[in-house]
Amino acid sequence: MSNNFQYSQTFEDISSKDFRELSSSEMELLIRRAKAQGLTQSDLLKMAKSKGYSDSDINKLDKKLKVAQNKSYVAQNASTPLEDTRMRQKWEEEIEVFRELKSDIYGFEVFSGNNFLSFQSNLNLPTPPDYILGPGDKLFIDIYGQSENYYQAEISPDGDLILENFGPINVSGLNINDAKRRLVLRLKKIYKGIASAKTFVNISVGIPRVVRINIVGEVNLPGTYNFSAFNTVYNAIYLAGGITENATLREVKHYRNNKLINTVDIYKFLSNGDGSSNVRLENNDLIVVGPYTNRVTISKGVKNPGKFEIKLGETISNLLKYAGGFTEKAYSKSVKITRIIDNKYKIVDVNKDQFEFFQLKSGDIIKIDKVIEKFENRLVVKGSVFKPGTFSLDENMTVKELIEKAEGLKPDTFMDRAFITRTNNDYSTTNISFNILDQMNKSDSPIYLKNDDILNVLSVNDLKDDSYIEISGAVNKPGVYPFSVNLDLDDLILLAGGVRKNATLNNIEISRTKSSNNSQKSSEVFYVNINDLKSSSDFTLMPFDNVVIRKDPNIETIKFIRVEGEVIYPGKYAISSKKERISDIIQRAGGLNEFAYLKGATIIRKTEFAENYSDIQKQIEDLNNLKNKISLNHENLTESEKLLIIRIDEDLEKFKSEDNSNQDFSSYVKKERISEIVKRNAISEDDIPFAKSESIGIDLEKILQDSGTRSDLLIEDGDIIVVPKRLETIRLRGELLYPTTVRHIPLRGLKFYINSAGGFDTKAKRSGTYVVYANGDVSRTKKLLFFNLFPKAEPGCEVIVPKKSLKNPLAASQILNFTTGLAALILAINQIN
């Protein structure tokens, strides 16, 4: 509480503003004022949190503060106010978005500031021994020992260091060690202890001079910069906002006094850690970052894929070194190079022994394939062994040796027969059957295995159906349960979680597979009465029995319906009588309000009828099941199984392209219409199973006028009566040029609204156009001679224009057969005549 009070008293002019709306310049001002008040960035974030900012807003504010701090740092280290220029302001405002982008150019992000590698200058370091002194350097001279004194002196423009009682001492152009020796020679005259090693002298650069350098070329913020002489070429490039995507990283030119003194190859630093070319800057130095000359691309198969700048004469070996080498699954024996030769693309295969000599050219695209997915010594064991899986093929290996590798056979193994699936040279398969017991006892000739053989060991349990019992009806956990000897009816009911509150233990029906010779009788049926689950019944269950626990006819559960939409009291209502109708429920809901649209009223009712799959959908499902079955053990697939999966995928694509019937479109429209009714009237989707629901149109106006008639339907459990709000639009969908929703205009025909959607598409089946009204009723287009009589359009309806069915054109072979047959028929007729 005290912190908030302090903020409000000393920081009121800033804290009263919305931090989220501050511009970059205002954010910088905020930081300056905060520092003046002794507040840190953490304090500003706490202040934002106390003002009710969300975590997302606080994260964004944190990023803005960091950007503003970077600008402030630049301002402190560059005497030229570059942060106030329009170019730098624009760059700083976009830097956060820029930092989130990744470039595929090798080394591009080093100077961009979007990683943790920073080349900001650091003044808190000892003076480098090779640092050359010059005008503007401020030296700290410390004399200690037998005599003590301390001097601070700045090197004059003439290069002299002026100390009291010593006169000028010229140190310009000397490194720090040479300057110290020259200075000691002058100090010996006054401090006699220096010669006897009783007095010591230490010299350091306290404040380095400011140098003015120019940065031009492919950098984001070219210009003139003033900063400490401790800075190097890398610091300058970083300060200039990093390089552009067209910049060179291999030949950065460093000029001094109009002469080229250094060519910086940044790849040496990135690949070998060699920073020898990162020299310190002097006044009026010029750094030129030119465009790249030669760039190649390597996308896959290496640890650092991307675009690389290549110098003249560099080879594939150099490129692989920059890219980190091959990945584990790369095919390293050769690479493929796509190269432009005579203005055409050509493929060049380069083998491993040529990597050291094959020189790269600008624009080359290097592709590295994956290692060949082919095993030379693989065996697969499936089925009734203790350790199924993949094993290596040894020389002259037999079935017995492979089973021993798989830790032997299980007790339930079917000993009479096992089989080997062997892959042939053309990827077809051959089945080899044998008696596994004879192989294990060596009573039969040993079977020698080959690469990619699959040994299938069967279990006796795989060759017969599992014994089970099914229980259904009014139990808590209906379903299939395994059969056990001595399992009685009471135990089965308890396994099923007991009976429900509306269940009866009288007249339990048990159906059993018939055991008599009577062909007219499909099953045997038994009826059992149990007084209490605590007492055991005498009825003995058999495998595959089906037990049905029925509901007690004297116990009736409460059933509910819902009324939604424009009624006085929408909500949930219990069904009080089996004779209750729609009009009774509307009356119990208080009647309709003034906004109700009676023509759009509908009932959403659960239905147990699921739509049948089409033949194509059934084939798609069967193929998917087969594919999943084969792919179950995807690590041990043989070549024939891989090819089979490829063929299945091709068949699936073909079937999916054919599965485009109007029936499927109609089914989709039905489900989406229910979803639209639900959303429009704010009904919870959790209570409606769309796959088993349908909307039933009702004539609510007629129902309310004359209740109890045929239109006034009896209500059922789970019904949802929806009375929508007055509708004023018409929706057009399907094969139209511009499917849209338009405003309903009285006395306008359906053709008017179709024209409002741009008219029919060329694929439209005009005669199949139909209208789904707001209450769910459907009206189709009728045909009179050559004219289409379109149905009436009403508010809230939906116009559906289906697609024409695809017609398969005659193939060339069919046309040829037809014409050949016709010619033969004409010739035969002429001969008869």
# chains A, B, ... in the order shown; residues from 1 in each chain; ligands from 1

$ select_by_dssp --residues "region 189-311 of chain A" --states "strand (DSSP E or B)" --output "PyMOL selection string"
chain A and resi 199-207+210-217+219+223-228+232+243+247+252-256+259-264+280+286-289+291+295-298+302+306-309

$ write_last_selection --atoms "N, CA and C atoms" --output "short mmCIF file (atom, residue, chain, number, x, y, z; two decimals), in the first residue's frame"
data_model
loop_
_atom_site.label_atom_id
_atom_site.label_comp_id
_atom_site.auth_asym_id
_atom_site.auth_seq_id
_atom_site.Cartn_x
_atom_site.Cartn_y
_atom_site.Cartn_z
N THR A 199 58.88 2.64 -5.11
CA THR A 199 57.71 3.39 -5.55
C THR A 199 57.27 2.80 -6.90
N PHE A 200 55.95 2.65 -7.05
CA PHE A 200 55.42 1.98 -8.24
C PHE A 200 54.45 2.92 -8.96
N VAL A 201 54.33 2.70 -10.28
CA VAL A 201 53.46 3.54 -11.12
C VAL A 201 52.49 2.64 -11.88
N ASN A 202 51.23 3.00 -11.85
CA ASN A 202 50.21 2.28 -12.63
C ASN A 202 49.49 3.29 -13.51
N ILE A 203 49.30 2.96 -14.77
CA ILE A 203 48.65 3.86 -15.72
C ILE A 203 47.52 3.09 -16.42
N SER A 204 46.36 3.74 -16.61
CA SER A 204 45.23 3.12 -17.30
C SER A 204 44.42 4.21 -17.98
N VAL A 205 43.64 3.77 -18.96
CA VAL A 205 42.75 4.70 -19.66
C VAL A 205 41.43 4.72 -18.89
N GLY A 206 41.17 5.81 -18.19
CA GLY A 206 39.94 5.91 -17.41
C GLY A 206 38.72 6.15 -18.29
N ILE A 207 38.83 7.13 -19.18
CA ILE A 207 37.75 7.46 -20.11
C ILE A 207 38.35 7.50 -21.51
N VAL A 210 36.50 9.66 -27.81
CA VAL A 210 35.37 9.42 -28.71
C VAL A 210 35.87 9.49 -30.14
N VAL A 211 35.55 8.44 -30.91
CA VAL A 211 35.94 8.43 -32.31
C VAL A 211 34.69 8.56 -33.16
N ARG A 212 34.88 9.13 -34.33
CA ARG A 212 33.78 9.35 -35.28
C ARG A 212 34.00 8.44 -36.47
N ILE A 213 33.06 7.54 -36.70
CA ILE A 213 33.23 6.59 -37.80
C ILE A 213 31.99 6.64 -38.69
N ASN A 214 32.14 6.20 -39.92
CA ASN A 214 31.05 6.14 -40.90
C ASN A 214 30.78 4.68 -41.26
N ILE A 215 29.48 4.35 -41.32
CA ILE A 215 29.05 3.01 -41.71
C ILE A 215 28.10 3.15 -42.89
N VAL A 216 28.43 2.53 -43.99
CA VAL A 216 27.60 2.64 -45.19
C VAL A 216 27.39 1.24 -45.77
N GLY A 217 26.45 1.16 -46.70
CA GLY A 217 26.20 -0.09 -47.40
C GLY A 217 24.98 -0.81 -46.88
N VAL A 219 23.48 -2.05 -44.34
CA VAL A 219 23.11 -2.08 -42.92
C VAL A 219 21.76 -1.39 -42.77
N GLY A 223 25.11 5.51 -41.45
CA GLY A 223 25.28 6.89 -41.02
C GLY A 223 26.60 7.09 -40.32
N THR A 224 26.70 8.22 -39.62
CA THR A 224 27.90 8.59 -38.87
C THR A 224 27.64 8.39 -37.39
N TYR A 225 28.59 7.73 -36.70
CA TYR A 225 28.43 7.39 -35.30
C TYR A 225 29.64 7.87 -34.51
N ASN A 226 29.39 8.41 -33.32
CA ASN A 226 30.44 8.79 -32.39
C ASN A 226 30.35 7.90 -31.16
N PHE A 227 31.43 7.17 -30.88
CA PHE A 227 31.42 6.36 -29.67
C PHE A 227 32.85 6.09 -29.21
N SER A 228 32.97 5.32 -28.12
CA SER A 228 34.25 5.06 -27.48
C SER A 228 35.21 4.39 -28.44
N THR A 232 34.84 -1.89 -31.68
CA THR A 232 35.44 -2.59 -32.81
C THR A 232 34.48 -2.57 -33.99
N ILE A 243 22.79 -6.09 -40.27
CA ILE A 243 22.90 -6.10 -41.73
C ILE A 243 21.54 -6.38 -42.36
N ALA A 247 23.32 -8.27 -47.56
CA ALA A 247 24.67 -7.89 -47.13
C ALA A 247 25.64 -9.06 -47.24
N VAL A 252 33.60 -7.61 -45.47
CA VAL A 252 33.27 -6.30 -44.91
C VAL A 252 34.54 -5.46 -44.94
N LYS A 253 34.52 -4.34 -45.66
CA LYS A 253 35.70 -3.51 -45.88
C LYS A 253 35.87 -2.50 -44.76
N HIS A 254 37.12 -2.38 -44.27
CA HIS A 254 37.45 -1.42 -43.21
C HIS A 254 38.55 -0.49 -43.75
N TYR A 255 38.19 0.79 -43.95
CA TYR A 255 39.11 1.78 -44.52
C TYR A 255 39.58 2.73 -43.43
N ARG A 256 40.83 3.16 -43.55
CA ARG A 256 41.39 4.17 -42.65
C ARG A 256 42.32 5.06 -43.47
N LYS A 259 42.54 4.22 -47.13
CA LYS A 259 43.21 2.99 -47.52
C LYS A 259 42.50 1.81 -46.86
N LEU A 260 42.42 0.70 -47.61
CA LEU A 260 41.83 -0.52 -47.08
C LEU A 260 42.83 -1.17 -46.14
N ILE A 261 42.48 -1.24 -44.85
CA ILE A 261 43.40 -1.82 -43.87
C ILE A 261 42.97 -3.21 -43.41
N ASN A 262 41.70 -3.59 -43.69
CA ASN A 262 41.24 -4.87 -43.17
C ASN A 262 40.00 -5.32 -43.95
N THR A 263 39.93 -6.60 -44.25
CA THR A 263 38.74 -7.21 -44.83
C THR A 263 38.23 -8.24 -43.84
N VAL A 264 37.03 -8.01 -43.31
CA VAL A 264 36.49 -8.82 -42.22
C VAL A 264 35.69 -9.98 -42.81
N ARG A 280 39.94 -2.70 -33.47
CA ARG A 280 39.37 -1.48 -32.90
C ARG A 280 39.38 -0.35 -33.93
N LEU A 286 36.11 4.21 -41.95
CA LEU A 286 34.95 3.94 -42.80
C LEU A 286 34.74 2.42 -42.88
N ILE A 287 33.51 1.99 -42.60
CA ILE A 287 33.15 0.57 -42.72
C ILE A 287 32.14 0.45 -43.85
N VAL A 288 32.47 -0.37 -44.82
CA VAL A 288 31.60 -0.57 -45.99
C VAL A 288 31.12 -2.02 -45.99
N VAL A 289 29.81 -2.19 -45.82
CA VAL A 289 29.20 -3.52 -45.89
C VAL A 289 28.54 -3.62 -47.26
N PRO A 291 27.12 -5.60 -50.89
CA PRO A 291 26.20 -6.72 -51.15
C PRO A 291 26.97 -8.02 -51.30
N ARG A 295 26.11 -16.75 -53.42
CA ARG A 295 25.32 -17.36 -52.34
C ARG A 295 24.72 -18.67 -52.85
N VAL A 296 24.82 -19.72 -52.05
CA VAL A 296 24.26 -21.02 -52.39
C VAL A 296 23.26 -21.42 -51.30
N THR A 297 22.44 -22.42 -51.61
CA THR A 297 21.38 -22.86 -50.70
C THR A 297 21.50 -24.35 -50.45
N ILE A 298 21.40 -24.72 -49.18
CA ILE A 298 21.34 -26.13 -48.78
C ILE A 298 20.22 -26.24 -47.75
N VAL A 302 21.56 -31.31 -43.42
CA VAL A 302 22.65 -30.76 -42.63
C VAL A 302 22.08 -30.19 -41.34
N GLY A 306 20.25 -23.63 -44.74
CA GLY A 306 20.01 -22.22 -45.04
C GLY A 306 20.78 -21.78 -46.28
N LYS A 307 20.94 -20.45 -46.39
CA LYS A 307 21.69 -19.86 -47.50
C LYS A 307 23.07 -19.45 -46.99
N PHE A 308 24.09 -19.77 -47.77
CA PHE A 308 25.47 -19.52 -47.35
C PHE A 308 26.18 -18.72 -48.44
N GLU A 309 27.02 -17.80 -47.98
CA GLU A 309 27.83 -17.00 -48.90
C GLU A 309 29.16 -17.71 -49.12
#

$ residues_around --residues "Lys702 (chain A)" --least-positions-apart "4" --cutoff "8 Å" --atoms "only C-alpha atoms" --output "number ranges by chain"
A: 706-707, 711

$ write_last_selection --atoms "N, CA, C and O atoms" --output "compact mmCIF listing (two decimals), in the first residue's frame"
# COMPACT_ATOMS: atom_id res chain seq x y z
N ASP A 706 -55.99 -24.09 -33.37
CA ASP A 706 -56.83 -25.29 -33.26
C ASP A 706 -55.99 -26.39 -32.60
O ASP A 706 -55.39 -27.24 -33.27
N SER A 707 -55.90 -26.37 -31.27
CA SER A 707 -55.08 -27.33 -30.54
C SER A 707 -55.72 -28.71 -30.59
O SER A 707 -56.94 -28.85 -30.72
N SER A 711 -51.76 -31.57 -36.52
CA SER A 711 -50.55 -30.75 -36.55
C SER A 711 -49.95 -30.57 -35.16
O SER A 711 -48.75 -30.32 -35.01

$ residues_around --residues "Tyr770 (chain A)" --least-positions-apart "2" --cutoff "6 Å" --atoms "only C-alpha atoms" --output "PDB file with N, CA and C atoms, in the first residue's frame"
ATOM      1  N   SER A 779     -39.212 -27.543 -49.664  1.00  0.00           N
ATOM      2  CA  SER A 779     -40.016 -27.491 -50.884  1.00  0.00           C
ATOM      3  C   SER A 779     -39.073 -27.511 -52.073  1.00  0.00           C
ATOM      4  N   ARG A 780     -39.362 -28.374 -53.052  1.00  0.00           N
ATOM      5  CA  ARG A 780     -38.463 -28.519 -54.193  1.00  0.00           C
ATOM      6  C   ARG A 780     -39.030 -27.834 -55.434  1.00  0.00           C
ATOM      7  N   THR A 781     -38.166 -27.702 -56.430  1.00  0.00           N
ATOM      8  CA  THR A 781     -38.566 -27.119 -57.711  1.00  0.00           C
ATOM      9  C   THR A 781     -39.339 -28.155 -58.528  1.00  0.00           C
ATOM     10  N   ILE A 800     -31.063 -23.785 -51.498  1.00  0.00           N
ATOM     11  CA  ILE A 800     -29.948 -24.687 -51.785  1.00  0.00           C
ATOM     12  C   ILE A 800     -29.961 -25.029 -53.264  1.00  0.00           C
TER      13      ILE A 800
END

$ closest_residue --among "A:Glu373, A:Leu183, A:Tyr238, A:Val567" --to "Asn593 (chain A)" --atoms "only C-alpha atoms"
A:Val567

$ residues_around --residues "region 440-457 of chain A" --least-positions-apart "5" --cutoff "7 Å" --atoms "only C-alpha atoms" --output "list in words"
Glu376, Asn377, Arg378, Leu379, Val380, Val381, Lys382, Gly383, Ser384, Leu393, Asn396, Met397, Thr398, Val399, Lys400, Ala418, Phe419, Ile420, Thr421, Arg422, Thr423 and Thr638 of chain A

$ closest_residue --among "A:Ile648, A:Ala774, A:Leu161, A:Ala764" --to "Phe140 (chain A)" --atoms "only C-alpha atoms"
A:Leu161

$ residues_around --residues "Ile730 (chain A)" --least-positions-apart "5" --cutoff "7 Å" --atoms "only C-alpha atoms" --output "ChimeraX atom specification"
/A:741-744,795-798

$ residues_around --residues "Ser156 (chain A)" --least-positions-apart "3" --cutoff "6 Å" --atoms "only C-alpha atoms" --output "list in words"
Pro135, Gly159 and Asp160 of chain A

$ closest_residue --among "A:Ile403, A:Pro478, A:Leu704, A:Lys374" --to "Gln587 (chain A)" --atoms "only C-alpha atoms"
A:Leu704

$ select_by_dssp --residues "region 125-354 of chain A" --states "helix (DSSP H, G or I)" --output "ChimeraX atom specification"
/A:176-187,192-194,233-239,266-272,316-322,352-354

$ atom_distance --atom1 "CA of Ile372 (chain A)" --atom2 "CA of Arg647 (chain A)"
20.2 Å

$ residues_around --residues "Phe414 (chain A)" --least-positions-apart "4" --cutoff "9 Å" --atoms "only C-alpha atoms" --output "PyMOL selection string"
chain A and resi 384+418+436-437+457-461+463

$ write_last_selection --atoms "N, CA and C atoms" --output "JSON list (two decimals), in the first residue's frame"
[["chain", "number", "residue", "atom", "x", "y", "z"],
["A", 384, "SER", "N", 3.29, -65.54, -30.90],
["A", 384, "SER", "CA", 3.37, -66.19, -29.60],
["A", 384, "SER", "C", 4.81, -66.52, -29.21],
["A", 418, "ALA", "N", 3.32, -72.93, -38.30],
["A", 418, "ALA", "CA", 3.70, -71.52, -38.32],
["A", 418, "ALA", "C", 4.06, -71.21, -39.77],
["A", 436, "ILE", "N", 6.16, -76.08, -36.41],
["A", 436, "ILE", "CA", 7.14, -75.41, -35.57],
["A", 436, "ILE", "C", 7.73, -76.35, -34.53],
["A", 437, "LEU", "N", 6.95, -77.36, -34.12],
["A", 437, "LEU", "CA", 7.47, -78.31, -33.14],
["A", 437, "LEU", "C", 8.59, -79.14, -33.74],
["A", 457, "VAL", "N", 4.27, -66.72, -35.57],
["A", 457, "VAL", "CA", 4.04, -67.83, -34.65],
["A", 457, "VAL", "C", 2.63, -67.65, -34.08],
["A", 458, "LEU", "N", 1.77, -68.62, -34.31],
["A", 458, "LEU", "CA", 0.37, -68.51, -33.94],
["A", 458, "LEU", "C", 0.14, -68.94, -32.50],
["A", 459, "SER", "N", -0.93, -68.41, -31.90],
["A", 459, "SER", "CA", -1.37, -68.81, -30.57],
["A", 459, "SER", "C", -2.69, -69.56, -30.70],
["A", 460, "VAL", "N", -2.88, -70.58, -29.83],
["A", 460, "VAL", "CA", -4.14, -71.32, -29.88],
["A", 460, "VAL", "C", -5.31, -70.40, -29.56],
["A", 461, "ASN", "N", -5.06, -69.37, -28.80],
["A", 461, "ASN", "CA", -6.13, -68.43, -28.46],
["A", 461, "ASN", "C", -6.52, -67.54, -29.65],
["A", 463, "LEU", "N", -6.85, -68.71, -32.57],
["A", 463, "LEU", "CA", -7.58, -69.55, -33.52],
["A", 463, "LEU", "C", -8.99, -69.87, -33.06]]
